[in-house]
file query-v5.cif (mmCIF, C-alpha atoms)
data_work
#
loop_
_atom_site.label_atom_id
_atom_site.label_comp_id
_atom_site.auth_asym_id
_atom_site.auth_seq_id
_atom_site.Cartn_x
_atom_site.Cartn_y
_atom_site.Cartn_z
CA MET A 33 -24.15 22.60 4.54
CA ARG A 34 -22.44 19.42 3.34
CA ILE A 35 -19.50 18.37 5.53
CA ALA A 36 -17.33 15.71 3.86
CA PHE A 37 -14.22 15.68 6.06
CA THR A 38 -13.53 16.31 9.73
CA PHE A 39 -10.09 16.49 11.33
CA GLY A 40 -8.35 18.04 14.30
CA ALA A 41 -6.00 21.00 14.42
CA ASP A 42 -3.86 22.65 17.10
CA LEU A 43 -2.90 26.29 17.43
CA ARG A 44 0.64 27.07 16.35
CA ASP A 45 2.81 29.52 18.27
CA GLY A 46 6.16 29.35 16.48
CA GLN A 47 6.52 31.21 13.18
CA GLY A 48 9.16 31.18 10.45
CA LYS A 49 10.91 28.57 8.34
CA GLY A 50 12.83 27.08 11.25
CA ALA A 51 9.70 26.42 13.30
CA SER A 52 7.90 24.95 10.29
CA ARG A 53 10.86 22.68 9.55
CA ARG A 54 10.85 21.35 13.10
CA LEU A 55 7.11 20.62 12.84
CA ARG A 56 7.58 18.61 9.66
CA HIS A 57 10.33 16.55 11.27
CA LYS A 58 7.78 15.59 13.92
CA GLY A 59 5.21 14.46 11.35
CA LYS A 60 3.16 17.66 11.55
CA VAL A 61 2.09 20.14 8.88
CA PRO A 62 1.97 23.94 9.31
CA ALA A 63 -1.29 25.50 8.12
CA ILE A 64 -3.01 28.87 8.06
CA LEU A 65 -6.73 29.59 8.56
CA TYR A 66 -8.02 32.97 7.38
CA GLY A 67 -11.17 34.82 6.28
CA GLY A 68 -14.59 35.05 7.90
CA HIS A 69 -13.88 38.60 9.19
CA LYS A 70 -11.46 37.21 11.76
CA ASP A 71 -7.71 37.31 12.22
CA ALA A 72 -5.65 34.61 10.59
CA GLN A 73 -4.73 31.65 12.78
CA ALA A 74 -1.59 29.53 12.47
CA LEU A 75 -2.47 25.86 12.88
CA ILE A 76 -0.79 22.46 13.15
CA LEU A 77 -2.24 19.49 11.26
CA ASP A 78 -1.29 15.83 11.33
CA GLN A 79 0.72 14.62 8.32
CA GLN A 80 -0.60 11.05 8.19
CA ASN A 81 -4.18 12.19 8.63
CA LEU A 82 -3.81 14.63 5.75
CA LEU A 83 -2.27 12.04 3.44
CA THR A 84 -5.41 9.91 3.74
CA MET A 85 -7.48 12.84 2.42
CA VAL A 86 -5.36 14.70 -0.18
CA GLY A 87 -5.75 11.87 -2.69
CA ASP A 88 -9.55 12.24 -2.63
CA GLU A 89 -10.91 14.68 -5.22
CA ARG A 90 -13.75 15.64 -2.85
CA PHE A 91 -11.28 17.06 -0.33
CA TYR A 92 -10.68 20.06 -2.59
CA SER A 93 -14.34 20.72 -3.43
CA SER A 94 -16.01 20.15 -0.06
CA ILE A 95 -16.48 21.97 3.20
CA VAL A 96 -14.23 20.52 5.89
CA GLN A 97 -14.75 20.80 9.61
CA LEU A 98 -11.79 21.68 11.81
CA LYS A 99 -11.79 20.81 15.48
CA ILE A 100 -9.54 23.37 17.16
CA GLY A 101 -9.49 22.58 20.86
CA ASP A 102 -13.10 22.90 22.09
CA ASN A 103 -14.21 24.84 19.00
CA THR A 104 -15.23 23.75 15.52
CA GLN A 105 -14.81 25.77 12.34
CA GLU A 106 -16.05 25.05 8.83
CA ALA A 107 -13.58 25.84 6.06
CA ILE A 108 -12.61 25.10 2.48
CA VAL A 109 -9.17 24.10 1.24
CA LYS A 110 -7.67 26.92 -0.82
CA ASP A 111 -4.17 25.54 -1.42
CA ILE A 112 -2.04 22.51 -0.58
CA GLN A 113 1.71 22.52 -1.14
CA MET A 114 3.26 19.10 -1.69
CA HIS A 115 6.96 18.23 -1.51
CA PRO A 116 8.39 18.09 -5.07
CA ALA A 117 10.05 14.68 -4.55
CA LYS A 118 8.22 13.05 -1.63
CA ASN A 119 4.64 12.18 -0.80
CA VAL A 120 4.60 14.78 1.96
CA VAL A 121 2.31 17.75 2.58
CA VAL A 122 4.38 20.89 3.15
CA HIS A 123 1.73 23.53 3.90
CA VAL A 124 -2.07 24.00 3.82
CA ASP A 125 -4.14 27.16 3.31
CA LEU A 126 -7.71 27.09 4.64
CA GLN A 127 -10.47 29.68 4.38
CA ARG A 128 -13.25 30.03 6.93
CA VAL A 129 -16.80 29.45 5.74
CA VAL A 130 -19.67 31.69 6.79
CA GLU A 131 -23.16 30.37 6.02
CA SER A 132 -24.47 33.71 4.76
CA GLU A 133 -21.48 34.49 2.48
CA LYS A 134 -20.72 33.04 -0.94
CA ILE A 135 -17.56 31.03 -1.41
CA ARG A 136 -15.30 30.64 -4.46
CA ILE A 137 -14.05 27.12 -5.00
CA MET A 138 -12.79 24.86 -7.80
CA LEU A 139 -15.11 21.98 -8.73
CA PRO A 140 -14.18 18.96 -10.87
CA ILE A 141 -16.07 18.36 -14.12
CA HIS A 142 -17.30 14.80 -14.63
CA PHE A 143 -17.90 13.73 -18.24
CA LYS A 144 -20.78 11.33 -18.82
CA ASN A 145 -21.47 8.99 -21.77
CA GLU A 146 -18.18 9.63 -23.57
CA THR A 147 -17.90 6.23 -25.27
CA ALA A 148 -21.64 6.10 -25.94
CA SER A 149 -21.72 9.39 -27.86
CA PRO A 150 -22.36 9.12 -31.66
CA GLY A 151 -19.12 10.96 -32.36
CA VAL A 152 -17.12 8.18 -30.70
CA LYS A 153 -19.24 5.04 -31.01
CA VAL A 154 -20.47 5.49 -34.59
CA GLN A 155 -18.20 8.08 -36.22
CA GLY A 156 -14.88 6.90 -34.73
CA GLY A 157 -13.92 10.19 -33.11
CA VAL A 158 -11.66 10.86 -30.14
CA VAL A 159 -12.63 12.89 -27.05
CA SER A 160 -10.35 15.77 -26.03
CA HIS A 161 -10.74 17.45 -22.63
CA MET A 162 -9.71 21.11 -22.55
CA ARG A 163 -10.85 21.60 -18.94
CA SER A 164 -11.11 19.20 -16.01
CA ASP A 165 -12.35 21.67 -13.38
CA VAL A 166 -13.84 25.15 -13.08
CA GLU A 167 -14.19 27.80 -10.38
CA ILE A 168 -17.72 28.45 -9.12
CA THR A 169 -19.35 30.73 -6.54
CA CYS A 170 -22.28 29.82 -4.32
CA LEU A 171 -23.53 29.85 -0.77
CA PRO A 172 -22.17 27.00 1.37
CA LYS A 173 -25.59 25.32 1.46
CA ASP A 174 -25.69 25.15 -2.38
CA LEU A 175 -22.21 23.67 -2.87
CA PRO A 176 -22.32 20.59 -5.15
CA GLU A 177 -19.72 17.85 -5.03
CA PHE A 178 -18.94 18.19 -8.77
CA LEU A 179 -20.39 19.41 -12.07
CA GLU A 180 -21.48 16.95 -14.75
CA LEU A 181 -21.44 17.34 -18.53
CA ASP A 182 -23.32 14.77 -20.64
CA LEU A 183 -21.77 13.90 -24.04
CA ALA A 184 -24.53 11.49 -25.07
CA ASN A 185 -25.62 13.59 -28.09
CA MET A 186 -22.21 14.86 -29.24
CA ASN A 187 -21.16 14.22 -32.83
CA LEU A 188 -17.82 14.35 -34.60
CA ASN A 189 -16.25 17.85 -34.80
CA GLU A 190 -18.52 19.24 -32.09
CA THR A 191 -17.41 21.19 -29.01
CA LYS A 192 -19.09 21.92 -25.69
CA PHE A 193 -18.35 25.10 -23.76
CA LEU A 194 -18.64 26.34 -20.17
CA SER A 195 -22.14 27.59 -20.88
CA ASP A 196 -23.18 24.01 -21.75
CA ILE A 197 -22.52 22.76 -18.20
CA PRO A 198 -25.79 22.42 -16.26
CA LEU A 199 -25.55 24.36 -12.98
CA PRO A 200 -27.52 23.62 -9.80
CA ASN A 201 -29.59 26.40 -8.29
CA GLY A 202 -27.46 29.10 -6.70
CA VAL A 203 -24.25 28.07 -8.49
CA VAL A 204 -22.52 30.51 -10.84
CA ILE A 205 -19.40 30.27 -13.03
CA PRO A 206 -17.75 33.74 -12.80
CA GLU A 207 -15.59 33.10 -15.88
CA LEU A 208 -18.70 33.23 -18.08
CA GLN A 209 -18.93 36.97 -17.44
CA HIS A 210 -16.01 37.60 -19.80
CA ARG A 211 -15.50 34.42 -21.88
CA ASN A 212 -17.11 31.11 -22.79
CA ALA A 213 -14.15 28.74 -22.86
CA PRO A 214 -14.26 25.33 -24.60
CA VAL A 215 -14.44 22.34 -22.27
CA VAL A 216 -14.55 19.19 -24.41
CA SER A 217 -14.60 18.25 -28.10
CA ILE A 218 -14.77 15.20 -30.36
CA HIS A 219 -12.44 15.15 -33.36
CA SER A 220 -11.09 12.68 -35.93
CA PRO A 221 -7.97 10.71 -34.97
CA ARG A 222 -4.83 11.81 -36.81
CA ALA A 223 -3.61 9.41 -39.53
CA GLU A 224 0.16 9.10 -39.25
CA GLU A 225 2.27 8.07 -42.27
CA PRO A 226 4.77 5.25 -41.53
CA GLU A 227 8.19 6.64 -40.65
CA ALA A 228 9.99 4.44 -43.22
CA VAL A 229 7.91 5.82 -46.09
CA VAL A 230 8.55 9.39 -45.00
CA ALA A 231 12.30 8.76 -44.72
CA GLU A 232 12.53 7.16 -48.20
CA ALA A 233 10.58 10.01 -49.78
CA ALA A 234 12.84 12.57 -48.14
CA ALA A 235 15.99 10.76 -49.35
CA ALA A 236 14.73 10.38 -52.92
CA THR A 237 13.71 14.02 -53.33
CA PRO A 238 16.39 16.49 -52.24
CA ALA A 239 15.11 19.76 -51.00
CA GLU A 240 15.07 22.71 -53.40
CA GLY A 241 18.19 24.85 -53.05
CA ALA A 242 20.09 22.08 -51.24
CA ALA A 243 23.89 21.83 -51.69
CA PRO A 244 25.06 19.35 -54.37
CA ALA A 245 26.56 16.00 -53.41
CA ALA A 246 30.23 15.81 -52.45
CA GLY A 247 31.29 14.10 -55.73
CA ALA A 248 29.46 16.65 -57.87
CA ALA A 249 31.09 19.48 -55.98
CA ALA A 250 34.56 17.95 -56.33
CA ALA A 251 34.51 17.73 -60.16
CA PRO A 252 34.06 21.46 -60.84
CA ALA A 253 36.64 22.19 -58.21
CA ALA A 254 39.18 19.93 -59.90
CA GLY A 255 38.40 21.47 -63.29
CA ALA A 256 38.83 24.91 -61.84
CA LYS A 257 42.25 23.99 -60.50
CA ALA A 258 43.32 22.58 -63.90
CA GLY A 259 42.18 25.75 -65.62
CA ASP A 260 44.12 27.84 -63.15
CA ALA A 261 47.27 25.78 -63.86
CA LYS A 262 46.91 26.28 -67.64
CA ALA A 263 46.40 29.96 -67.17
CA ALA A 264 49.55 30.15 -65.05
CA ASP A 265 51.58 28.28 -67.76
CA ALA A 266 50.31 30.63 -70.41
CA LYS A 267 51.31 33.63 -68.38
CA GLY A 268 54.75 32.09 -67.86
CA GLY A 269 55.20 31.59 -71.64
CA ASP A 270 54.19 35.15 -72.35
CA LYS A 271 56.78 36.44 -69.90
CA ALA A 272 59.49 34.29 -71.49
CA ALA A 273 58.66 35.61 -74.97
CA ALA A 274 58.67 39.18 -73.78
CA ALA A 275 62.10 38.95 -72.14
CA PRO A 276 65.00 40.08 -74.51
CA ALA A 277 67.40 37.39 -75.73
CA LYS A 278 70.91 37.44 -74.37
CA LYS A 279 73.57 38.44 -76.90
CA GLU A 280 76.07 35.73 -77.61
CA GLY A 281 79.58 36.72 -76.92
CA GLY A 282 82.39 35.68 -79.39
CA LYS A 283 85.42 36.77 -81.40
CA LYS A 284 84.89 38.46 -84.74
#
call {"tool": "encode", "arguments": {"input": "query-v5.cif", "output": "structure tokens"}}
result
Amino acid sequence: MRIAFTFGADLRDGQGKGASRRLRHKGKVPAILYGGHKDAQALILDQQNLLTMVGDERFYSSIVQLKIGDNTQEAIVKDIQMHPAKNVVVHVDLQRVVESEKIRIMLPIHFKNETASPGVKVQGGVVSHMRSDVEITCLPKDLPEFLELDLANMNLNETKFLSDIPLPNGVVIPELQHRNAPVVSIHSPRAEEPEAVVAEAAAATPAEGAAPAAGAAAAPAAGAKAGDAKAADAKGGDKAAAAPAKKEGGKK
């Protein structure tokens, strides 16, 4: 069983948000240890000690050893909650490790020979990573530090999948039971047209069905108004002609 990190922990009596807040003010981190057919234990970890480890990728994919008083317990890190605005650990979830029982843990994927692959070096392609880690199951003794995928023979427009990742003995990827997800590909870089050219082309060619320019719209409107005025005058003349003339009064 590979032990990568060892740190101390104290048992925690107080529960609830208030107790956890007081611990954090003292530079401590509330944690929980569960699994291994035992009751869950509330623990106290040291903030500064944790901060020296959380930046290491191996911390999340290794078996850690907790020293709780006079006892030691192997565990894996299941979850770490960080403060959204500060470099501060808020809470840690740990799961006990039993030598005879398989564990589920996320392992990072390391990509080898990216720039040396024909798709990049000769054919001018670009590497795209769809996955950077994957969950595996294995016995604690078979736990690797990471998984490695070699791109040395990849060509342009090729993709490697989960099933292409070499697995050490005893290591299984459960996701492969229901899907074989893509992990990495090499594709051609996108050729982008200069923005100025695109803007000029758009200005020179109005879109189909677009509204006419303001000047073009104004001319028909003015003509329409003139036509309306003429029609009104004509109607007025018709009314005048239809009206009977007044008889002139005078002496016979």
call {"tool": "resolve_selection", "arguments": {"input": "query-v5.cif", "expression": "the PyMOL selection byres ((chain A and resi 113) around 10)", "output": "list in words"}}
result
Asp111, Ile112, Met114, His115, Pro116, Val120, Val121, Val122, His123, Val124 and Asp125 of chain A
call {"tool": "closest_residue", "arguments": {"input": "query-v5.cif", "among": "A:Val166, A:Pro172, A:Val159, A:Asp102", "to": "Arg128 in chain A", "atoms": "only C-alpha atoms"}}
result
A:Pro172
call {"tool": "atom_distance", "arguments": {"input": "query-v5.cif", "atom1": "CA of Leu171 in chain A", "atom2": "CA of Leu183 in chain A"}}
result
28.3 Å
call {"tool": "residues_around", "arguments": {"input": "query-v5.cif", "residues": "Asn201 in chain A", "least_positions_apart": "3", "cutoff": "10 Å", "atoms": "all atoms listed in the file", "output": "PDB file with C-alpha atoms, keeping the file's coordinate frame"}}
result
ATOM      1  CA  CYS A 170     -22.280  29.820  -4.320  1.00  0.00           C
ATOM      2  CA  ASP A 174     -25.690  25.150  -2.380  1.00  0.00           C
ATOM      3  CA  LEU A 175     -22.210  23.670  -2.870  1.00  0.00           C
ATOM      4  CA  PRO A 176     -22.320  20.590  -5.150  1.00  0.00           C
ATOM      5  CA  PRO A 198     -25.790  22.420 -16.260  1.00  0.00           C
ATOM      6  CA  VAL A 204     -22.520  30.510 -10.840  1.00  0.00           C
TER       7      VAL A 204
END
call {"tool": "resolve_selection", "arguments": {"input": "query-v5.cif", "expression": "the PyMOL selection byres ((chain A and resi 151-155) around 9)", "output": "ChimeraX atom specification"}}
result
/A:146-150,156-159,185-190,218-220
call {"tool": "atom_distance", "arguments": {"input": "query-v5.cif", "atom1": "CA of Ile205 in chain A", "atom2": "CA of Gln105 in chain A"}}
result
26.2 Å
call {"tool": "resolve_selection", "arguments": {"input": "query-v5.cif", "expression": "the PyMOL selection byres ((chain A and resi 207) around 10)", "output": "number ranges by chain"}}
result
A: 166-168, 194-195, 204-206, 208-213
call {"tool": "closest_atom_pairs", "arguments": {"input": "query-v5.cif", "of": "range 122-161 of chain A", "to": "range 86-96 of chain A", "cutoff": "8 Å", "atoms": "only C-alpha atoms", "output": "JSON lines"}}
result
{"residue": "A:Val129", "atom": "CA", "partner": "A:Ile95", "partner_atom": "CA", "distance": 7.9}
{"residue": "A:Ile137", "atom": "CA", "partner": "A:Ser93", "partner_atom": "CA", "distance": 6.6}
{"residue": "A:Met138", "atom": "CA", "partner": "A:Ser93", "partner_atom": "CA", "distance": 6.2}
{"residue": "A:Leu139", "atom": "CA", "partner": "A:Ser93", "partner_atom": "CA", "distance": 5.5}
{"residue": "A:Pro140", "atom": "CA", "partner": "A:Ser93", "partner_atom": "CA", "distance": 7.6}
call {"tool": "residues_around", "arguments": {"input": "query-v5.cif", "residues": "Asn81 in chain A", "least_positions_apart": "3", "cutoff": "12 Å", "atoms": "only C-alpha atoms", "output": "list in words"}}
result
Phe37, Thr38, Phe39, Gly40, Ala41, Gly59, Lys60, Val61, Ile76, Leu77, Asp78, Thr84, Met85, Val86, Gly87, Val120 and Val121 of chain A
call {"tool": "write_last_selection", "arguments": {"input": "query-v5.cif", "atoms": "C-alpha atoms", "output": "PDB file, in the coordinates of the input"}}
result
ATOM      1  CA  PHE A  37     -14.220  15.680   6.060  1.00  0.00           C
ATOM      2  CA  THR A  38     -13.530  16.310   9.730  1.00  0.00           C
ATOM      3  CA  PHE A  39     -10.090  16.490  11.330  1.00  0.00           C
ATOM      4  CA  GLY A  40      -8.350  18.040  14.300  1.00  0.00           C
ATOM      5  CA  ALA A  41      -6.000  21.000  14.420  1.00  0.00           C
ATOM      6  CA  GLY A  59       5.210  14.460  11.350  1.00  0.00           C
ATOM      7  CA  LYS A  60       3.160  17.660  11.550  1.00  0.00           C
ATOM      8  CA  VAL A  61       2.090  20.140   8.880  1.00  0.00           C
ATOM      9  CA  ILE A  76      -0.790  22.460  13.150  1.00  0.00           C
ATOM     10  CA  LEU A  77      -2.240  19.490  11.260  1.00  0.00           C
ATOM     11  CA  ASP A  78      -1.290  15.830  11.330  1.00  0.00           C
ATOM     12  CA  THR A  84      -5.410   9.910   3.740  1.00  0.00           C
ATOM     13  CA  MET A  85      -7.480  12.840   2.420  1.00  0.00           C
ATOM     14  CA  VAL A  86      -5.360  14.700  -0.180  1.00  0.00           C
ATOM     15  CA  GLY A  87      -5.750  11.870  -2.690  1.00  0.00           C
ATOM     16  CA  VAL A 120       4.600  14.780   1.960  1.00  0.00           C
ATOM     17  CA  VAL A 121       2.310  17.750   2.580  1.00  0.00           C
TER      18      VAL A 121
END
